[in-house]
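Raw contents of target-v2.pdb, PDB, C-alpha atoms:
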MODEL        1
ATOM      1  CA  MET W 139      19.059 132.253 119.280
ATOM      2  CA  THR W 140      22.707 131.333 119.852
ATOM      3  CA  PHE W 141      23.626 132.020 116.245
ATOM      4  CA  GLY W 142      21.982 135.452 116.230
ATOM      5  CA  PHE W 143      23.590 136.551 119.482
ATOM      6  CA  SER W 144      27.076 135.321 118.613
ATOM      7  CA  ASP W 145      26.874 136.708 115.080
ATOM      8  CA  ALA W 146      25.806 140.142 116.313
ATOM      9  CA  LEU W 147      28.510 140.106 119.003
ATOM     10  CA  SER W 148      31.085 139.135 116.402
ATOM     11  CA  LEU W 149      30.009 141.936 114.076
ATOM     12  CA  PHE W 150      30.004 144.660 116.711
ATOM     13  CA  SER W 151      33.236 143.567 118.373
ATOM     14  CA  SER W 152      35.092 143.320 115.053
ATOM     15  CA  ILE W 153      33.933 146.815 114.127
ATOM     16  CA  ALA W 154      35.011 148.073 117.558
ATOM     17  CA  ALA W 155      38.443 146.453 117.188
ATOM     18  CA  ALA W 156      38.885 147.994 113.736
ATOM     19  CA  ILE W 157      37.927 151.429 115.085
ATOM     20  CA  ILE W 158      40.351 151.084 117.997
ATOM     21  CA  PHE W 159      43.229 150.055 115.729
ATOM     22  CA  MET W 160      42.419 152.861 113.287
ATOM     23  CA  SER W 161      42.396 155.374 116.141
ATOM     24  CA  ILE W 162      45.874 154.185 117.120
ATOM     25  CA  ILE W 163      47.145 154.651 113.576
ATOM     26  CA  THR W 164      45.554 158.001 112.751
ATOM     27  CA  ALA W 165      45.762 159.974 116.004
ATOM     28  CA  ARG W 166      48.585 162.270 116.978
ATOM     29  CA  TYR W 167      50.260 161.415 120.226
ATOM     30  CA  LYS W 168      52.790 163.134 122.441
ATOM     31  CA  GLN W 169      55.890 161.354 123.604
ATOM     32  CA  ASP W 170      54.354 160.593 127.018
ATOM     33  CA  ASP W 171      51.376 158.823 125.441
ATOM     34  CA  PHE W 172      53.608 155.984 124.260
ATOM     35  CA  LEU W 173      54.005 154.825 127.859
ATOM     36  CA  LYS W 174      50.323 154.588 128.851
ATOM     37  CA  ALA W 175      47.698 155.574 126.275
ATOM     38  CA  LEU W 176      48.882 153.578 123.262
ATOM     39  CA  PRO W 177      49.546 150.303 125.107
ATOM     40  CA  ARG W 178      46.119 150.558 126.790
ATOM     41  CA  LYS W 179      44.384 151.023 123.457
ATOM     42  CA  PHE W 180      46.354 148.180 121.910
ATOM     43  CA  ILE W 181      45.524 145.799 124.779
ATOM     44  CA  LEU W 182      41.854 146.757 124.510
ATOM     45  CA  GLY W 183      41.925 146.249 120.732
ATOM     46  CA  VAL W 184      43.465 142.774 120.980
ATOM     47  CA  VAL W 185      41.030 141.698 123.725
ATOM     48  CA  ILE W 186      38.055 142.886 121.679
ATOM     49  CA  MET W 187      39.487 141.133 118.615
ATOM     50  CA  PHE W 188      39.728 137.922 120.656
ATOM     51  CA  ILE W 189      36.057 138.316 121.661
ATOM     52  CA  SER W 190      35.193 138.818 118.006
ATOM     53  CA  ILE W 191      37.025 135.696 116.864
ATOM     54  CA  THR W 192      35.527 133.626 119.679
ATOM     55  CA  SER W 193      31.977 134.699 118.902
ATOM     56  CA  MET W 194      32.610 134.097 115.188
ATOM     57  CA  MET W 195      33.677 130.540 115.991
ATOM     58  CA  VAL W 196      30.542 130.046 118.100
ATOM     59  CA  ALA W 197      28.368 131.298 115.239
ATOM     60  CA  PHE W 198      30.150 129.007 112.793
ATOM     61  CA  GLY W 199      29.804 126.025 115.121
ATOM     62  CA  THR W 200      26.116 126.731 115.622
ATOM     63  CA  THR W 201      25.562 126.867 111.869
ATOM     64  CA  VAL W 202      27.419 123.608 111.277
ATOM     65  CA  TYR W 203      25.456 121.992 114.099
ATOM     66  CA  GLN W 204      22.148 123.080 112.569
ATOM     67  CA  ILE W 205      23.151 121.753 109.158
ATOM     68  CA  PHE W 206      24.632 118.391 110.151
ATOM     69  CA  TYR W 207      22.559 117.452 113.213
ATOM     70  CA  GLU W 208      19.632 116.133 111.187
ATOM     71  CA  LYS W 209      21.975 114.004 109.079
ATOM     72  CA  LYS W 210      23.509 112.424 112.217
ATOM     73  CA  ALA W 211      26.992 113.421 111.106
ATOM     74  CA  TYR W 212      28.494 113.444 114.579
ATOM     75  CA  LEU W 213      32.005 112.934 113.271
ATOM     76  CA  MET W 214      31.712 116.157 111.285
ATOM     77  CA  LEU W 215      30.392 118.005 114.348
ATOM     78  CA  GLY W 216      33.297 116.736 116.446
ATOM     79  CA  LEU W 217      35.821 117.644 113.772
ATOM     80  CA  VAL W 218      34.471 121.170 113.463
ATOM     81  CA  GLY W 219      34.355 121.604 117.234
ATOM     82  CA  VAL W 220      37.917 120.402 117.727
ATOM     83  CA  SER W 221      39.250 122.531 114.862
ATOM     84  CA  ALA W 222      37.473 125.639 116.193
ATOM     85  CA  CYS W 223      38.912 125.100 119.664
ATOM     86  CA  LEU W 224      42.348 124.424 118.198
ATOM     87  CA  LEU W 225      42.272 127.671 116.211
ATOM     88  CA  MET W 226      41.264 129.648 119.292
ATOM     89  CA  LEU W 227      44.052 128.090 121.359
ATOM     90  CA  LEU W 228      46.540 128.835 118.579
ATOM     91  CA  PHE W 229      45.475 132.485 118.491
ATOM     92  CA  MET W 230      45.660 132.745 122.281
ATOM     93  CA  ALA W 231      49.115 131.168 122.349
ATOM     94  CA  SER W 232      50.433 133.504 119.675
ATOM     95  CA  GLN W 233      49.113 136.671 121.321
ATOM     96  CA  PHE W 234      49.532 135.837 125.016
ATOM     97  CA  SER W 235      53.206 136.777 125.268
ATOM     98  CA  LEU W 236      52.627 140.142 123.580
ATOM     99  CA  ILE W 237      49.638 141.022 125.758
ATOM    100  CA  TRP W 238      51.392 139.851 128.923
ATOM    101  CA  HIS W 239      54.482 141.974 128.269
ATOM    102  CA  LEU W 240      52.408 145.004 127.299
ATOM    103  CA  PHE W 241      50.336 144.636 130.456
ATOM    104  CA  ILE W 242      53.402 144.251 132.684
ATOM    105  CA  TYR W 243      55.325 147.148 131.128
ATOM    106  CA  THR W 244      52.295 149.433 131.095
ATOM    107  CA  TYR W 245      50.897 148.934 134.574
ATOM    108  CA  ARG W 246      53.849 148.102 136.805
ATOM    109  CA  PRO W 247      56.107 150.808 138.217
ATOM    110  CA  GLY W 248      59.236 151.038 136.149
ATOM    111  CA  LEU W 249      62.135 153.156 135.079
ATOM    112  CA  PHE W 250      60.013 156.028 133.722
ATOM    113  CA  SER W 251      57.394 156.189 136.467
ATOM    114  CA  LYS W 252      57.354 159.053 138.891
ATOM    115  CA  PRO W 253      58.272 158.199 142.484
ATOM    116  CA  SER W 254      55.295 158.162 144.841
ATOM    117  CA  ASN W 255      55.357 159.758 148.265
TER     118      ASN W 255
ENDMDL
END

This entry written out as structure tokens:
Amino acid sequence: MTFGFSDALSLFSSIAAAIIFMSIITARYKQDDFLKALPRKFILGVVIMFISITSMMVAFGTTVYQIFYEKKAYLMLGLVGVSACLLMLLFMASQFSLIWHLFIYTYRPGLFSKPSN
């Protein structure tokens, strides 16, 4: 049950992330779209890619658990679990600064925003 759900979520979210990134590359944008539309799509694409990688790790962990549980290989299960968590933390650490700056520069009032009354 867990494997099927996480595998399907991984498949659909990776396809969605690929479609979002392809739409960024292939679409024509005006100069104003570079302030709002493109950063929003990029943030959405990276978040969906993170969901995809997380669900892929869950599916992989579930498969390893099903294979090694009967053999009582708890060391292998722990090693796989720790390495999966470590890879996810590494990905989050590498992308957090980019997403944070994109979010701040896209949604906060700045130099190019119109003054509100």

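The spacing separating CA of Ala154 (chain W) from CA of Ile186 (chain W) amounts to 7.3 Å.
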
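Distance-wise, CA of Ile181 (chain W) and CA of Met195 (chain W) end up 21.2 Å apart.
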
> Got a sec to resolve the PyMOL selection byres ((chain W and resi 199) around 9) on this structure and send the residues as a PyMOL selection string?
Replying inline: chain W and resi 141+194-198+200-204+215+218-219+222

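Minimum atom-to-atom distance to Ser193 (chain W), evaluated using all atoms listed in the file, belongs to W:Asp145 out of W:Arg166, W:Asp145, W:Ile242, W:Thr140.
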
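For the residues W:Leu227, W:Met214, W:Ser152, W:Ser161, ranking by smallest atom-to-atom distance to Ile191 (chain W) using all atoms listed in the file places W:Ser152 first.
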
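CA of Lys179 (chain W) lies 10.6 Å from CA of Ile157 (chain W).
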
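Proximity to Pro247 (chain W) was assessed for W:Leu173, W:Leu149, W:Ile189, W:Ala231 counting only C-alpha atoms; the smallest distance is recorded for W:Leu173.
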
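Among the candidate residues W:Ser221, W:Thr244, W:Gln169, W:Ser190, the one lying nearest to Phe150 (chain W) is W:Ser190, with distances computed using all atoms listed in the file.
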
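Every protein, DNA or RNA residue with an atom at most 10 Å from Tyr243 (chain W), where all atoms listed in the file count and chain neighbours fewer than 6 positions away do not, is listed here: W:Leu173, W:Lys174, W:Pro177, W:Ile237, W:Leu249.
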
> Counting only C-alpha atoms, which of W:Arg246, W:Phe172, W:Thr192, W:Met139 gets nearest to Leu224 (chain W)?
Replying inline: W:Thr192

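Shortest atom-to-atom contact with Ile158 (chain W) among W:Phe206, W:Phe229, W:Phe180, W:Phe143: W:Phe180, counting only C-alpha atoms.
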
Got a sec to write region 230-241 of chain W of the block to a file, all heavy atoms, as a CSV table (one decimal), in the first residue's frame?
chain,number,residue,atom,x,y,z
W,230,MET,N,17.7,19.5,0.4
W,230,MET,CA,17.0,20.6,1.0
W,230,MET,C,18.0,21.7,1.3
W,230,MET,O,17.8,22.9,1.1
W,230,MET,CB,16.3,20.2,2.3
W,230,MET,CG,15.0,19.5,2.1
W,230,MET,SD,14.2,19.0,3.6
W,230,MET,CE,14.3,20.4,4.6
W,231,ALA,N,19.2,21.4,1.8
W,231,ALA,CA,20.2,22.4,2.1
W,231,ALA,C,20.7,23.1,0.9
W,231,ALA,O,21.0,24.3,0.9
W,231,ALA,CB,21.4,21.7,2.9
W,232,SER,N,20.9,22.3,-0.2
W,232,SER,CA,21.4,23.0,-1.4
W,232,SER,C,20.4,23.9,-2.1
W,232,SER,O,20.7,24.8,-2.8
W,232,SER,CB,21.9,21.9,-2.4
W,232,SER,OG,20.8,21.1,-2.9
W,233,GLN,N,19.1,23.6,-1.9
W,233,GLN,CA,18.1,24.4,-2.6
W,233,GLN,C,17.4,25.4,-1.8
W,233,GLN,O,16.7,26.3,-2.3
W,233,GLN,CB,17.0,23.4,-3.2
W,233,GLN,CG,17.5,22.5,-4.2
W,233,GLN,CD,18.0,23.2,-5.5
W,233,GLN,OE1,17.4,24.1,-5.9
W,233,GLN,NE2,19.1,22.7,-6.0
W,234,PHE,N,17.6,25.4,-0.4
W,234,PHE,CA,16.9,26.3,0.4
W,234,PHE,C,17.2,27.7,0.2
W,234,PHE,O,16.3,28.6,0.2
W,234,PHE,CB,17.1,25.9,1.9
W,234,PHE,CG,16.4,26.8,2.9
W,234,PHE,CD1,15.0,26.6,3.0
W,234,PHE,CD2,17.1,27.8,3.5
W,234,PHE,CE1,14.3,27.5,3.9
W,234,PHE,CE2,16.4,28.6,4.4
W,234,PHE,CZ,15.0,28.4,4.6
W,235,SER,N,18.5,28.0,0.0
W,235,SER,CA,18.9,29.4,-0.2
W,235,SER,C,18.3,30.0,-1.5
W,235,SER,O,17.8,31.1,-1.5
W,235,SER,CB,20.4,29.5,-0.2
W,235,SER,OG,20.8,30.8,-0.5
W,236,LEU,N,18.3,29.2,-2.5
W,236,LEU,CA,17.7,29.7,-3.8
W,236,LEU,C,16.2,29.9,-3.7
W,236,LEU,O,15.7,31.0,-4.1
W,236,LEU,CB,18.0,28.6,-4.9
W,236,LEU,CG,17.3,28.9,-6.2
W,236,LEU,CD1,17.9,30.1,-6.9
W,236,LEU,CD2,17.4,27.6,-7.1
W,237,ILE,N,15.5,29.0,-3.1
W,237,ILE,CA,14.0,29.1,-2.9
W,237,ILE,C,13.7,30.3,-2.0
W,237,ILE,O,12.8,31.1,-2.3
W,237,ILE,CB,13.4,27.8,-2.4
W,237,ILE,CG1,13.6,26.7,-3.4
W,237,ILE,CG2,12.0,28.0,-2.1
W,237,ILE,CD1,12.9,27.0,-4.7
W,238,TRP,N,14.5,30.4,-0.9
W,238,TRP,CA,14.2,31.5,0.0
W,238,TRP,C,14.4,32.9,-0.7
W,238,TRP,O,13.6,33.8,-0.5
W,238,TRP,CB,15.1,31.4,1.2
W,238,TRP,CG,15.0,32.5,2.2
W,238,TRP,CD1,15.8,33.6,2.4
W,238,TRP,CD2,13.9,32.7,3.1
W,238,TRP,NE1,15.3,34.4,3.4
W,238,TRP,CE2,14.1,33.9,3.8
W,238,TRP,CE3,12.7,32.0,3.3
W,238,TRP,CZ2,13.2,34.3,4.8
W,238,TRP,CZ3,11.9,32.4,4.3
W,238,TRP,CH2,12.1,33.6,5.0
W,239,HIS,N,15.5,33.1,-1.4
W,239,HIS,CA,15.7,34.3,-2.1
W,239,HIS,C,14.7,34.6,-3.2
W,239,HIS,O,14.2,35.7,-3.3
W,239,HIS,CB,17.1,34.4,-2.6
W,239,HIS,CG,18.1,34.6,-1.6
W,239,HIS,ND1,19.0,33.6,-1.1
W,239,HIS,CD2,18.5,35.7,-0.8
W,239,HIS,CE1,19.8,34.1,-0.2
W,239,HIS,NE2,19.5,35.4,0.0
W,240,LEU,N,14.3,33.6,-3.9
W,240,LEU,CA,13.3,33.7,-4.9
W,240,LEU,C,11.9,34.1,-4.3
W,240,LEU,O,11.2,35.0,-4.8
W,240,LEU,CB,13.1,32.5,-5.7
W,240,LEU,CG,14.0,32.3,-6.9
W,240,LEU,CD1,13.8,30.9,-7.5
W,240,LEU,CD2,13.7,33.3,-8.0
W,241,PHE,N,11.6,33.5,-3.2
W,241,PHE,CA,10.4,33.8,-2.5
W,241,PHE,C,10.4,35.2,-2.0
W,241,PHE,O,9.4,36.0,-2.1
W,241,PHE,CB,10.1,32.8,-1.3
W,241,PHE,CG,8.8,32.9,-0.7
W,241,PHE,CD1,7.7,32.4,-1.3
W,241,PHE,CD2,8.7,33.6,0.5
W,241,PHE,CE1,6.4,32.5,-0.7
W,241,PHE,CE2,7.4,33.7,1.1
W,241,PHE,CZ,6.3,33.2,0.5
